[in-house]
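Here's the structure we're looking at; comments come further down.
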Amino acid sequence: MSELKPWVERILAAQSSEEIFATLDEFRPLLWSDDERASMAKTYNAKVYQIKMNQEINNSKQAEKTSKVKSSSNISKQDAGNQRGESTSSNQELDEDEIGL
């Protein structure tokens with residue numbers, strides 16, 4: 001029977017769920033006691049949950065950041081012109097440089 005600690009360490013060091021499941025594919029066929037399998041299950045479930053929560057936090061931060069950028073640059077050329085007292089036509093084409101492309 002193999003030692004469990006290196007397997008647990010591999011799971012804890014994993015950076016993605018794909019890496020966790022690749023490790024589990026190697027782990028499963030080996031001979032383990034029920035307690036060792038239960039310990040590994042708790043470890044990988046906790047790690048998958050941690051990765052999922054980190055991804056959700058990062059996605060939320062990115063969405064918030066994107067939302068702030070969009071809201072600060074949402075003034076159209078027509079609105080900006082009107083604020084300066086200029087007359088702008090809605091049919092006027094914008095250069096790519098003017099819109100930040």
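To be explicit about the labels: the chains of the structure tokens are called A, B, and onward in the order shown, and within each one the residues are counted from 1, while ligands get numbers from 1 in the order they are shown.
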May I have the residues within 12 Å of Glu26 in chain A as a ChimeraX atom specification, using only C-alpha atoms and disregarding those fewer than 4 positions away in the same chain?
-> /A:2,7,10-11,19-22,30-31
Within 8 Å of Ile51 in chain A, counting only C-alpha atoms, which residues qualify if same-chain residues fewer than 4 places away don't, as a PyMOL selection string?
-> chain A and resi 15-17+47+55
Contact residues around Pro6 in chain A with only C-alpha atoms at 12 Å, ignoring same-chain residues under 5 positions, as a ChimeraX atom specification | /A:11-13,23,27,40
For the residues in the current selection, export N, CA, C and O atoms as a compact mmCIF listing (two decimals), in the first residue's frame.
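selection_10.txt, freshly written:
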```
# COMPACT_ATOMS: atom_id res chain seq x y z
N ILE A 11 -2.75 17.01 -4.36
CA ILE A 11 -4.08 17.61 -4.49
C ILE A 11 -4.05 19.05 -3.97
O ILE A 11 -4.56 19.96 -4.61
N LEU A 12 -3.44 19.26 -2.83
CA LEU A 12 -3.39 20.59 -2.24
C LEU A 12 -2.57 21.57 -3.09
O LEU A 12 -2.85 22.76 -3.08
N ALA A 13 -1.61 21.06 -3.83
CA ALA A 13 -0.78 21.93 -4.67
C ALA A 13 -1.41 22.20 -6.04
O ALA A 13 -0.96 23.07 -6.77
N THR A 23 -4.79 13.75 -11.00
CA THR A 23 -4.16 13.08 -9.84
C THR A 23 -5.06 11.98 -9.32
O THR A 23 -4.60 10.87 -9.01
N PHE A 27 -4.64 7.96 -8.57
CA PHE A 27 -4.86 7.51 -7.19
C PHE A 27 -5.85 6.34 -7.10
O PHE A 27 -5.62 5.37 -6.37
N MET A 40 -8.85 11.22 1.35
CA MET A 40 -8.57 11.80 0.04
C MET A 40 -9.80 12.49 -0.51
O MET A 40 -9.70 13.58 -1.08
```
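With distances restricted to only C-alpha atoms, A:Leu4 is the closest residue to Arg37 in chain A from A:Ala63, A:Ile57, A:Leu4, A:Ala14.
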Non-local contacts of Lys42 in chain A (12 Å; only C-alpha atoms; under 6 positions in same chain excluded) as a list of chain:residue names = A:Val8, A:Ile11, A:Leu12, A:Asp35, A:Glu36, A:Val48, A:Tyr49
Mind pulling up the distance from CA of Lys61 in chain A to CA of Glu18 in chain A?
->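 Computing the Euclidean distance for CA of Glu18 in chain A and CA of Lys61 in chain A yields 23.1 Å.
Computed from the coordinates, the CA of Asp25 in chain A to CA of Asn54 in chain A distance equals 23.7 Å.
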